[in-house]
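Engineer: Have a look at this one before I ask anything.
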Amino acid sequence: MPEAPLSAIRSLPSWLLGRAAARGRALVAEALATQGMKMWHHVVLSAVRDLGPVAQAELGRSIGLDPKDLVGVLNDLQTQGLVVRAPDPADRRKNAVSLTGDGAALLTRCEQVAREANDALLAPLSAAEQDQFLALLVRISGSES
């Protein structure tokens, strides 16, 4: 009996990790959509909370988002009243981005639904397996501190 198509590829760890990552992104994207948010909007809100007030250029560098794309996301967030851009007191030529109260409240809700989506992703694993899996992911991703 011949092998199933692409069985050699589909057994590679990189393939399996990619499939798991795609499933995780889809679950989180669906969860964020219930809050009217997109993935990059959530990432930017989270970074602004952690870094803010933060210069727009520094914000883009910290999350690896192209400046043109960042402007679009910030425009969306500012229109919704979730962030404000104001001249940076340290350098008035730059904009500093800060989270509004509405932005902080929405971010809290988004973090909750994102956690629930990640819980759903890992649900087939026991608690001990989840801990081990996450530790192994940190090791192979090069994210260890």
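Order determines the names: the first chain of the structure tokens is A, the second B, and so forth; residues in each chain are numbered 1 upward, and ligands are numbered 1 upward as they are shown.
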Quick one: residues within 12 Å of region 26-33 of chain A, only C-alpha atoms counted, chain neighbours fewer than 3 positions away excluded, as a PyMOL selection string?
Structural biologist: chain A and resi 19-23+36-43+106-122
Engineer: So that I can check the secondary structure, give me every residue of region 6-129 of chain A assigned helix (DSSP H, G or I) by backbone DSSP, as a ChimeraX atom specification.
Structural biologist: /A:7-10,13-33,39-51,56-63,67-79,101-122,127-129
Engineer: Output C-alpha atoms of each residue in that selection to a file, as a PDB file, in the first residue's frame.
Structural biologist:
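Okay, this is what ended up in out-v1.pdb:
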```pdb
ATOM      1  CA  SER A   7       3.381  11.707   4.824  1.00  0.00           C
ATOM      2  CA  ALA A   8       7.122  12.422   5.034  1.00  0.00           C
ATOM      3  CA  ILE A   9       6.472  16.170   5.183  1.00  0.00           C
ATOM      4  CA  ARG A  10       3.527  15.893   7.559  1.00  0.00           C
ATOM      5  CA  PRO A  13       8.237  18.595  13.672  1.00  0.00           C
ATOM      6  CA  SER A  14       8.354  21.883  11.761  1.00  0.00           C
ATOM      7  CA  TRP A  15       5.200  20.928   9.831  1.00  0.00           C
ATOM      8  CA  LEU A  16       3.381  19.865  12.979  1.00  0.00           C
ATOM      9  CA  LEU A  17       4.426  23.022  14.854  1.00  0.00           C
ATOM     10  CA  GLY A  18       3.244  25.132  11.930  1.00  0.00           C
ATOM     11  CA  ARG A  19      -0.139  23.399  11.931  1.00  0.00           C
ATOM     12  CA  ALA A  20      -0.490  23.808  15.694  1.00  0.00           C
ATOM     13  CA  ALA A  21       0.499  27.476  15.434  1.00  0.00           C
ATOM     14  CA  ALA A  22      -2.025  28.054  12.653  1.00  0.00           C
ATOM     15  CA  ARG A  23      -4.749  26.440  14.755  1.00  0.00           C
ATOM     16  CA  GLY A  24      -3.761  28.538  17.765  1.00  0.00           C
ATOM     17  CA  ARG A  25      -3.775  31.768  15.725  1.00  0.00           C
ATOM     18  CA  ALA A  26      -7.198  30.896  14.302  1.00  0.00           C
ATOM     19  CA  LEU A  27      -8.634  30.208  17.759  1.00  0.00           C
ATOM     20  CA  VAL A  28      -7.244  33.474  19.149  1.00  0.00           C
ATOM     21  CA  ALA A  29      -8.361  35.463  16.090  1.00  0.00           C
ATOM     22  CA  GLU A  30     -11.903  34.103  16.479  1.00  0.00           C
ATOM     23  CA  ALA A  31     -11.889  34.940  20.192  1.00  0.00           C
ATOM     24  CA  LEU A  32     -10.592  38.473  19.591  1.00  0.00           C
ATOM     25  CA  ALA A  33     -13.223  39.008  16.906  1.00  0.00           C
ATOM     26  CA  MET A  39      -4.627  40.215  16.151  1.00  0.00           C
ATOM     27  CA  TRP A  40      -2.295  43.138  15.392  1.00  0.00           C
ATOM     28  CA  HIS A  41      -4.638  45.559  17.160  1.00  0.00           C
ATOM     29  CA  HIS A  42      -4.423  43.355  20.251  1.00  0.00           C
ATOM     30  CA  VAL A  43      -0.629  43.148  20.003  1.00  0.00           C
ATOM     31  CA  VAL A  44      -0.337  46.931  19.700  1.00  0.00           C
ATOM     32  CA  LEU A  45      -2.693  47.568  22.635  1.00  0.00           C
ATOM     33  CA  SER A  46      -0.714  45.144  24.775  1.00  0.00           C
ATOM     34  CA  ALA A  47       2.623  46.728  23.826  1.00  0.00           C
ATOM     35  CA  VAL A  48       1.306  50.250  24.470  1.00  0.00           C
ATOM     36  CA  ARG A  49       0.131  49.133  27.908  1.00  0.00           C
ATOM     37  CA  ASP A  50       3.518  47.597  28.690  1.00  0.00           C
ATOM     38  CA  LEU A  51       5.693  50.359  27.198  1.00  0.00           C
ATOM     39  CA  GLN A  56       5.550  55.410  17.790  1.00  0.00           C
ATOM     40  CA  ALA A  57       8.829  54.328  16.154  1.00  0.00           C
ATOM     41  CA  GLU A  58       9.938  52.462  19.286  1.00  0.00           C
ATOM     42  CA  LEU A  59       6.543  50.765  19.481  1.00  0.00           C
ATOM     43  CA  GLY A  60       6.873  49.498  15.916  1.00  0.00           C
ATOM     44  CA  ARG A  61      10.397  48.199  16.531  1.00  0.00           C
ATOM     45  CA  SER A  62       9.392  46.464  19.760  1.00  0.00           C
ATOM     46  CA  ILE A  63       6.692  44.384  18.058  1.00  0.00           C
ATOM     47  CA  PRO A  67       5.829  51.598  10.263  1.00  0.00           C
ATOM     48  CA  LYS A  68       3.183  51.938   7.524  1.00  0.00           C
ATOM     49  CA  ASP A  69       1.173  49.070   9.001  1.00  0.00           C
ATOM     50  CA  LEU A  70       1.583  50.455  12.512  1.00  0.00           C
ATOM     51  CA  VAL A  71       0.142  53.819  11.440  1.00  0.00           C
ATOM     52  CA  GLY A  72      -2.959  52.056  10.111  1.00  0.00           C
ATOM     53  CA  VAL A  73      -3.434  50.059  13.304  1.00  0.00           C
ATOM     54  CA  LEU A  74      -2.895  53.155  15.467  1.00  0.00           C
ATOM     55  CA  ASN A  75      -5.350  55.124  13.341  1.00  0.00           C
ATOM     56  CA  ASP A  76      -7.963  52.408  13.914  1.00  0.00           C
ATOM     57  CA  LEU A  77      -7.277  52.283  17.658  1.00  0.00           C
ATOM     58  CA  GLN A  78      -7.312  56.053  18.029  1.00  0.00           C
ATOM     59  CA  THR A  79     -10.574  56.365  16.070  1.00  0.00           C
ATOM     60  CA  GLY A 101      -9.231  53.821  29.983  1.00  0.00           C
ATOM     61  CA  ASP A 102     -11.432  52.264  27.295  1.00  0.00           C
ATOM     62  CA  GLY A 103      -8.339  50.722  25.708  1.00  0.00           C
ATOM     63  CA  ALA A 104      -7.242  49.221  29.031  1.00  0.00           C
ATOM     64  CA  ALA A 105     -10.719  47.779  29.647  1.00  0.00           C
ATOM     65  CA  LEU A 106     -10.878  46.253  26.169  1.00  0.00           C
ATOM     66  CA  LEU A 107      -7.365  44.853  26.532  1.00  0.00           C
ATOM     67  CA  THR A 108      -8.398  43.112  29.768  1.00  0.00           C
ATOM     68  CA  ARG A 109     -11.330  41.468  27.965  1.00  0.00           C
ATOM     69  CA  CYS A 110      -9.126  40.512  25.004  1.00  0.00           C
ATOM     70  CA  GLU A 111      -6.534  38.934  27.275  1.00  0.00           C
ATOM     71  CA  GLN A 112      -9.253  36.838  28.907  1.00  0.00           C
ATOM     72  CA  VAL A 113     -10.685  35.520  25.622  1.00  0.00           C
ATOM     73  CA  ALA A 114      -7.158  34.906  24.274  1.00  0.00           C
ATOM     74  CA  ARG A 115      -6.337  32.851  27.392  1.00  0.00           C
ATOM     75  CA  GLU A 116      -9.542  30.862  26.906  1.00  0.00           C
ATOM     76  CA  ALA A 117      -8.618  30.230  23.242  1.00  0.00           C
ATOM     77  CA  ASN A 118      -5.174  29.008  24.286  1.00  0.00           C
ATOM     78  CA  ASP A 119      -6.782  26.797  26.925  1.00  0.00           C
ATOM     79  CA  ALA A 120      -8.922  25.278  24.159  1.00  0.00           C
ATOM     80  CA  LEU A 121      -5.805  24.721  22.032  1.00  0.00           C
ATOM     81  CA  LEU A 122      -4.092  22.831  24.847  1.00  0.00           C
ATOM     82  CA  ALA A 127      -1.985  19.896  33.072  1.00  0.00           C
ATOM     83  CA  ALA A 128       1.426  18.232  33.431  1.00  0.00           C
ATOM     84  CA  GLU A 129       1.683  17.732  29.656  1.00  0.00           C
TER      85      GLU A 129
END
```
Engineer: List every residue of chain A that DSSP, applied to the backbone, labels as strand (DSSP E or B), and write the result as a PDB file with N, CA, C and O atoms, in the first residue's frame.
Structural biologist:
```
ATOM      1  N   VAL A  54       4.811  55.536  24.797  1.00  0.00           N
ATOM      2  CA  VAL A  54       5.925  55.046  23.992  1.00  0.00           C
ATOM      3  C   VAL A  54       5.941  55.765  22.651  1.00  0.00           C
ATOM      4  O   VAL A  54       4.896  56.017  22.057  1.00  0.00           O
ATOM      5  N   ALA A  55       7.138  56.112  22.200  1.00  0.00           N
ATOM      6  CA  ALA A  55       7.291  56.716  20.877  1.00  0.00           C
ATOM      7  C   ALA A  55       6.805  55.729  19.829  1.00  0.00           C
ATOM      8  O   ALA A  55       7.040  54.522  19.933  1.00  0.00           O
ATOM      9  N   VAL A  83      -6.490  54.393  22.119  1.00  0.00           N
ATOM     10  CA  VAL A  83      -5.168  54.969  22.358  1.00  0.00           C
ATOM     11  C   VAL A  83      -5.219  56.452  22.017  1.00  0.00           C
ATOM     12  O   VAL A  83      -6.113  56.900  21.292  1.00  0.00           O
ATOM     13  N   VAL A  84      -4.243  57.172  22.540  1.00  0.00           N
ATOM     14  CA  VAL A  84      -4.060  58.572  22.155  1.00  0.00           C
ATOM     15  C   VAL A  84      -2.615  58.753  21.726  1.00  0.00           C
ATOM     16  O   VAL A  84      -1.715  58.113  22.264  1.00  0.00           O
ATOM     17  N   ARG A  85      -2.436  59.613  20.732  1.00  0.00           N
ATOM     18  CA  ARG A  85      -1.096  59.996  20.292  1.00  0.00           C
ATOM     19  C   ARG A  85      -0.946  61.481  20.587  1.00  0.00           C
ATOM     20  O   ARG A  85      -1.793  62.282  20.199  1.00  0.00           O
ATOM     21  N   ALA A  86       0.129  61.809  21.276  1.00  0.00           N
ATOM     22  CA  ALA A  86       0.395  63.201  21.631  1.00  0.00           C
ATOM     23  C   ALA A  86       1.891  63.449  21.484  1.00  0.00           C
ATOM     24  O   ALA A  86       2.681  62.494  21.532  1.00  0.00           O
ATOM     25  N   PRO A  87       2.277  64.702  21.310  1.00  0.00           N
ATOM     26  CA  PRO A  87       3.718  64.968  21.221  1.00  0.00           C
ATOM     27  C   PRO A  87       4.452  64.437  22.448  1.00  0.00           C
ATOM     28  O   PRO A  87       3.984  64.571  23.577  1.00  0.00           O
ATOM     29  N   ASP A  88       5.582  63.793  22.190  1.00  0.00           N
ATOM     30  CA  ASP A  88       6.406  63.238  23.253  1.00  0.00           C
ATOM     31  C   ASP A  88       7.061  64.387  24.008  1.00  0.00           C
ATOM     32  O   ASP A  88       7.758  65.195  23.409  1.00  0.00           O
ATOM     33  N   ASP A  91      10.737  64.709  23.324  1.00  0.00           N
ATOM     34  CA  ASP A  91      11.109  65.099  21.958  1.00  0.00           C
ATOM     35  C   ASP A  91       9.829  65.420  21.199  1.00  0.00           C
ATOM     36  O   ASP A  91       9.163  64.518  20.686  1.00  0.00           O
ATOM     37  N   ARG A  92       9.483  66.689  21.112  1.00  0.00           N
ATOM     38  CA  ARG A  92       8.207  67.122  20.554  1.00  0.00           C
ATOM     39  C   ARG A  92       8.063  66.771  19.067  1.00  0.00           C
ATOM     40  O   ARG A  92       6.983  66.878  18.516  1.00  0.00           O
ATOM     41  N   ARG A  93       9.135  66.307  18.426  1.00  0.00           N
ATOM     42  CA  ARG A  93       9.037  65.891  17.017  1.00  0.00           C
ATOM     43  C   ARG A  93       8.424  64.502  16.893  1.00  0.00           C
ATOM     44  O   ARG A  93       8.038  64.085  15.805  1.00  0.00           O
ATOM     45  N   LYS A  94       8.362  63.778  18.005  1.00  0.00           N
ATOM     46  CA  LYS A  94       7.863  62.405  18.007  1.00  0.00           C
ATOM     47  C   LYS A  94       6.492  62.353  18.658  1.00  0.00           C
ATOM     48  O   LYS A  94       6.165  63.175  19.507  1.00  0.00           O
ATOM     49  N   ASN A  95       5.715  61.350  18.246  1.00  0.00           N
ATOM     50  CA  ASN A  95       4.444  61.070  18.904  1.00  0.00           C
ATOM     51  C   ASN A  95       4.646  60.003  19.969  1.00  0.00           C
ATOM     52  O   ASN A  95       5.321  59.004  19.729  1.00  0.00           O
ATOM     53  N   ALA A  96       4.051  60.220  21.133  1.00  0.00           N
ATOM     54  CA  ALA A  96       4.027  59.202  22.179  1.00  0.00           C
ATOM     55  C   ALA A  96       2.619  58.613  22.198  1.00  0.00           C
ATOM     56  O   ALA A  96       1.632  59.340  22.119  1.00  0.00           O
ATOM     57  N   VAL A  97       2.537  57.310  22.278  1.00  0.00           N
ATOM     58  CA  VAL A  97       1.255  56.607  22.254  1.00  0.00           C
ATOM     59  C   VAL A  97       0.958  56.113  23.665  1.00  0.00           C
ATOM     60  O   VAL A  97       1.827  55.538  24.325  1.00  0.00           O
ATOM     61  N   SER A  98      -0.271  56.349  24.114  1.00  0.00           N
ATOM     62  CA  SER A  98      -0.722  55.906  25.433  1.00  0.00           C
ATOM     63  C   SER A  98      -2.067  55.209  25.307  1.00  0.00           C
ATOM     64  O   SER A  98      -2.844  55.495  24.396  1.00  0.00           O
ATOM     65  N   LEU A  99      -2.335  54.342  26.260  1.00  0.00           N
ATOM     66  CA  LEU A  99      -3.605  53.622  26.332  1.00  0.00           C
ATOM     67  C   LEU A  99      -4.633  54.493  27.055  1.00  0.00           C
ATOM     68  O   LEU A  99      -4.307  55.151  28.038  1.00  0.00           O
TER      69      LEU A  99
END
```
Engineer: CA of Asp66 (chain A) and CA of Thr100 (chain A), how far apart in Å?
Structural biologist: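 Spanning CA of Thr100 (chain A) to CA of Asp66 (chain A) is a straight-line distance of 23.3 Å.
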Engineer: Quick one: pull the distance between CA of Gln80 (chain A) and CA of Leu65 (chain A), Å, one decimal.
Structural biologist: 20.2 Å
